[in-house]
file work-v4.cif (mmCIF, C-alpha atoms)
data_work
#
loop_
_atom_site.label_atom_id
_atom_site.label_comp_id
_atom_site.auth_asym_id
_atom_site.auth_seq_id
_atom_site.Cartn_x
_atom_site.Cartn_y
_atom_site.Cartn_z
CA LEU A 186 -21.93 3.02 -16.51
CA VAL A 187 -20.42 6.50 -16.88
CA SER A 188 -19.60 6.51 -13.15
CA VAL A 189 -17.79 3.19 -13.34
CA VAL A 190 -15.88 4.23 -16.49
CA LEU A 191 -14.79 7.47 -14.79
CA SER A 192 -13.63 5.65 -11.65
CA VAL A 193 -11.77 2.91 -13.47
CA GLY A 194 -10.36 5.49 -15.89
CA GLY A 195 -9.05 7.46 -12.92
CA ILE A 196 -7.20 4.40 -11.64
CA ALA A 197 -5.78 3.83 -15.12
CA VAL A 198 -4.53 7.44 -15.25
CA ILE A 199 -2.92 7.09 -11.80
CA THR A 200 -1.19 3.80 -12.60
CA GLY A 201 -0.30 4.55 -16.21
CA GLY A 202 0.81 8.20 -16.22
CA ASP A 203 4.30 9.35 -17.17
CA GLU A 204 5.03 9.98 -13.51
CA ALA A 205 4.22 6.34 -12.76
CA ALA A 206 7.08 5.22 -15.01
CA ALA A 207 9.37 7.76 -13.37
CA LEU A 208 8.47 6.37 -9.96
CA GLY A 209 9.71 2.93 -11.01
CA ARG A 210 6.39 1.22 -11.60
CA HIS A 211 6.60 -1.30 -14.38
CA ALA A 212 4.39 -3.53 -16.47
CA LEU A 213 4.38 -6.41 -13.96
CA GLY A 214 3.04 -4.15 -11.21
CA ASN A 215 0.30 -2.83 -13.48
CA VAL A 216 -0.65 -6.36 -14.56
CA LEU A 217 -0.82 -7.41 -10.91
CA MET A 218 -3.05 -4.41 -10.11
CA LEU A 219 -5.30 -5.31 -13.03
CA GLY A 220 -5.45 -8.90 -11.77
CA ALA A 221 -6.35 -7.65 -8.29
CA ALA A 222 -9.15 -5.54 -9.79
CA VAL A 223 -10.55 -8.56 -11.65
CA VAL A 224 -10.41 -10.71 -8.51
CA ALA A 225 -12.10 -7.91 -6.53
CA ALA A 226 -14.88 -7.71 -9.12
CA VAL A 227 -15.47 -11.47 -8.96
CA TRP A 228 -15.42 -11.35 -5.15
CA THR A 229 -17.95 -8.50 -5.16
CA LEU A 230 -20.32 -10.54 -7.32
CA LEU A 231 -19.92 -13.56 -5.02
CA VAL A 232 -20.53 -11.46 -1.90
CA ARG A 233 -23.65 -10.00 -3.47
CA LYS A 234 -25.10 -13.50 -3.71
CA LEU A 235 -23.78 -14.58 -0.30
CA SER A 236 -25.13 -11.49 1.46
CA ALA A 237 -28.68 -12.40 0.46
CA ARG A 238 -28.61 -15.19 3.04
CA ASN A 239 -25.62 -14.41 5.32
CA HIS A 240 -24.68 -11.55 7.64
CA PRO A 241 -21.61 -9.51 6.54
CA LEU A 242 -19.76 -10.49 9.74
CA THR A 243 -20.30 -14.18 8.92
CA ILE A 244 -18.91 -13.69 5.40
CA THR A 245 -15.92 -11.77 6.79
CA THR A 246 -15.23 -14.49 9.37
CA TRP A 247 -15.27 -17.27 6.77
CA GLN A 248 -13.10 -15.17 4.47
CA ALA A 249 -10.57 -14.61 7.25
CA CYS A 250 -10.51 -18.31 8.18
CA SER A 251 -10.02 -19.47 4.58
CA THR A 252 -7.27 -16.88 4.04
CA LEU A 253 -5.54 -17.97 7.26
CA ALA A 254 -5.64 -21.59 6.08
CA LEU A 255 -4.21 -20.67 2.67
CA PHE A 256 -1.43 -18.50 4.12
CA THR A 257 -0.55 -21.18 6.68
CA VAL A 258 0.12 -23.56 3.79
CA LEU A 259 2.01 -20.95 1.72
CA ALA A 260 4.09 -19.40 4.55
CA PRO A 261 6.77 -22.13 4.62
CA ALA A 262 7.32 -21.71 0.88
CA GLU A 263 7.80 -17.97 1.33
CA SER A 264 10.57 -18.53 3.87
CA ALA A 265 12.59 -20.15 1.07
CA PHE A 266 12.70 -16.75 -0.69
CA VAL A 267 12.52 -14.28 2.20
CA ARG A 268 14.47 -14.65 5.41
CA PRO A 269 12.03 -13.75 8.19
CA GLY A 270 13.20 -11.34 10.86
CA PRO A 271 12.83 -11.78 14.59
CA VAL A 272 9.32 -12.02 16.00
CA THR A 273 9.05 -9.14 18.46
CA PRO A 274 6.00 -7.74 20.27
CA ALA A 275 5.96 -4.86 17.76
CA VAL A 276 5.82 -7.35 14.86
CA VAL A 277 2.99 -9.29 16.50
CA ALA A 278 1.09 -6.04 17.17
CA ALA A 279 1.56 -4.90 13.56
CA ILE A 280 0.29 -8.22 12.20
CA ALA A 281 -2.69 -8.17 14.58
CA TRP A 282 -3.50 -4.58 13.52
CA LEU A 283 -3.31 -5.48 9.81
CA GLY A 284 -5.43 -8.59 10.28
CA LEU A 285 -8.10 -7.23 12.59
CA VAL A 286 -8.40 -3.57 11.65
CA SER A 287 -7.14 -3.15 8.11
CA SER A 288 -8.44 -6.42 6.72
CA GLY A 289 -11.19 -7.37 9.16
CA VAL A 290 -12.93 -4.02 9.47
CA GLY A 291 -12.24 -3.17 5.83
CA TYR A 292 -13.81 -6.34 4.45
CA TRP A 293 -16.69 -6.18 6.92
CA ALA A 294 -17.41 -2.61 5.74
CA LEU A 295 -17.19 -3.69 2.08
CA GLN A 296 -19.55 -6.64 2.62
CA THR A 297 -21.98 -4.45 4.56
CA GLY A 298 -21.85 -1.89 1.72
CA ILE A 299 -22.53 -4.56 -0.88
CA LYS A 300 -25.51 -5.84 1.12
CA ARG A 301 -27.01 -2.40 1.76
CA GLY A 302 -26.08 -0.39 -1.32
CA GLY A 303 -25.54 -3.01 -3.97
CA ALA A 304 -22.46 -4.39 -5.66
CA MET A 305 -22.04 -1.57 -8.16
CA LEU A 306 -22.12 1.22 -5.57
CA ALA A 307 -19.85 -0.60 -3.11
CA SER A 308 -17.29 -1.56 -5.74
CA THR A 309 -17.14 2.01 -6.99
CA PHE A 310 -16.26 3.22 -3.49
CA VAL A 311 -13.42 0.69 -3.43
CA ASN A 312 -11.84 2.86 -6.13
CA LEU A 313 -11.24 5.44 -3.39
CA ILE A 314 -8.40 3.26 -2.07
CA PRO A 315 -5.75 4.76 -4.38
CA VAL A 316 -7.03 8.29 -3.69
CA VAL A 317 -6.76 7.78 0.08
CA ALA A 318 -3.34 6.14 -0.34
CA ILE A 319 -2.10 9.08 -2.42
CA VAL A 320 -3.37 11.68 0.05
CA LEU A 321 -1.85 9.82 3.00
CA ALA A 322 1.45 9.36 1.14
CA HIS A 323 1.53 13.11 0.51
CA LEU A 324 0.57 14.06 4.08
CA LEU A 325 2.59 11.45 5.98
CA LEU A 326 5.54 10.76 3.68
CA GLY A 327 5.85 14.04 1.82
CA GLU A 328 5.45 12.44 -1.62
CA ALA A 329 4.76 14.80 -4.51
CA LEU A 330 1.33 15.05 -6.09
CA HIS A 331 1.94 14.74 -9.83
CA PRO A 332 -0.58 16.07 -12.38
CA SER A 333 -1.64 12.60 -13.58
CA VAL A 334 -2.27 11.53 -10.00
CA LEU A 335 -4.42 14.60 -9.35
CA LEU A 336 -6.33 14.05 -12.62
CA GLY A 337 -6.89 10.36 -11.80
CA GLY A 338 -8.12 11.25 -8.31
CA MET A 339 -10.55 13.80 -9.74
CA LEU A 340 -11.88 11.23 -12.22
CA ILE A 341 -12.43 8.69 -9.44
CA LEU A 342 -14.19 11.22 -7.22
CA SER A 343 -16.32 12.40 -10.17
CA GLY A 344 -17.41 8.85 -10.90
CA ILE A 345 -18.38 8.24 -7.29
CA TYR A 346 -20.22 11.57 -7.10
CA LEU A 347 -22.24 10.79 -10.25
CA LEU A 348 -23.11 7.30 -9.06
CA THR A 349 -24.22 8.41 -5.60
CA ARG A 350 -26.21 11.31 -7.06
CA PHE A 351 -27.91 9.00 -9.57
CA GLU A 352 -28.63 6.40 -6.87
CA THR A 353 -30.21 9.06 -4.63
CA GLU A 354 -32.46 10.45 -7.37
CA ALA A 355 -33.55 7.04 -8.65
#
call {"tool": "encode", "arguments": {"input": "work-v4.cif", "output": "structure tokens"}}
result
Amino acid sequence: LVSVVLSVGGIAVITGGDEAAALGRHALGNVLMLGAAVVAAVWTLLVRKLSARNHPLTITTWQACSTLALFTVLAPAESAFVRPGPVTPAVVAAIAWLGLVSSGVGYWALQTGIKRGGAMLASTFVNLIPVVAIVLAHLLLGEALHPSVLLGGMLILSGIYLLTRFETEA
């Protein structure tokens, strides 16, 4: 419980610090992130039950197919708000990379983690996403590392460390 509180608290510090307001984040973005966290928690609980009788690759495949079906229905509505650009080979390659590597491998790894390590351990590691994003933004884009971001990252890493240490000793 302490591990989860530390990890979630770290995300709250990152998304709610004074620097976050200065960077232009607003209440809607934070509400959407909270909604995403709730959906991720529900999904983790569902995968835990599904992984008892299905292979992680099977779950990932069905997830990808259902998402493709949903986005196929929603895509025409999006074009009413966003004018799509030209479809070039670079665009197709970027979409394929996002679908196969970022989403496909990422969800397969998450589902494998839930099956092998349990829902609590796997979902705590998901909290590393903002830490990795912050480090990459600093290294690749030159973004500043603000004190609240560093504190939030340390809280997340502390929570994961405590959880993995407790799991190993138990």
call {"tool": "atom_distance", "arguments": {"input": "work-v4.cif", "atom1": "CA of Gly302 (chain A)", "atom2": "CA of Thr245 (chain A)"}}
result
17.3 Å
call {"tool": "residues_near_point", "arguments": {"input": "work-v4.cif", "point": "(-4.4, 6.1, -11.6)", "cutoff": "8 Å", "atoms": "only C-alpha atoms", "output": "NGL selection string"}}
result
:A and (194-202 or 315 or 333-334 or 337-338)
call {"tool": "closest_residue", "arguments": {"input": "work-v4.cif", "among": "A:Val189, A:Val316, A:Val276, A:Leu295", "to": "Met339 (chain A)", "atoms": "only C-alpha atoms"}}
result
A:Val316
call {"tool": "axis_aligned_box", "arguments": {"input": "work-v4.cif", "around": "region 313-329 of chain A", "padding_each_side": "6 Å", "output": "AutoDock Vina command-line options"}}
result
--center_x -2.7 --center_y 9.0 --center_z 0.7 --size_x 29.1 --size_y 23.5 --size_z 22.5
call {"tool": "atom_distance", "arguments": {"input": "work-v4.cif", "atom1": "CA of Cys250 (chain A)", "atom2": "CA of Leu285 (chain A)"}}
result
12.2 Å
call {"tool": "closest_residue", "arguments": {"input": "work-v4.cif", "among": "A:Ala249, A:Ala262, A:Leu306, A:Val272", "to": "Arg350 (chain A)", "atoms": "only C-alpha atoms"}}
result
A:Leu306
call {"tool": "atom_distance", "arguments": {"input": "work-v4.cif", "atom1": "CA of Pro332 (chain A)", "atom2": "CA of Thr349 (chain A)"}}
result
25.8 Å
call {"tool": "resolve_selection", "arguments": {"input": "work-v4.cif", "expression": "the PyMOL selection byres ((chain A and resi 187) around 9)", "output": "NGL selection string"}}
result
:A and (186 or 188-192 or 344 or 347-348)
call {"tool": "closest_residue", "arguments": {"input": "work-v4.cif", "among": "A:Leu255, A:Trp247, A:Arg301, A:Leu330", "to": "Ala318 (chain A)", "atoms": "all atoms listed in the file"}}
result
A:Leu330
call {"tool": "closest_residue", "arguments": {"input": "work-v4.cif", "among": "A:Gly284, A:Thr297, A:Phe266, A:Ala275", "to": "Leu253 (chain A)", "atoms": "all atoms listed in the file"}}
result
A:Gly284
call {"tool": "resolve_selection", "arguments": {"input": "work-v4.cif", "expression": "the PyMOL selection byres ((chain A and resi 235) around 12)", "output": "list in words"}}
result
Trp228, Thr229, Leu230, Leu231, Val232, Arg233, Lys234, Ser236, Ala237, Arg238, Asn239, His240, Pro241, Leu242, Thr243, Ile244, Thr245, Trp247, Gln248, Gln296, Thr297, Ile299, Lys300 and Ala304 of chain A
call {"tool": "residues_around", "arguments": {"input": "work-v4.cif", "residues": "Thr252 (chain A)", "least_positions_apart": "6", "cutoff": "12 Å", "atoms": "only C-alpha atoms", "output": "PyMOL selection string"}}
result
chain A and resi 245-246+258-260+284+288-289
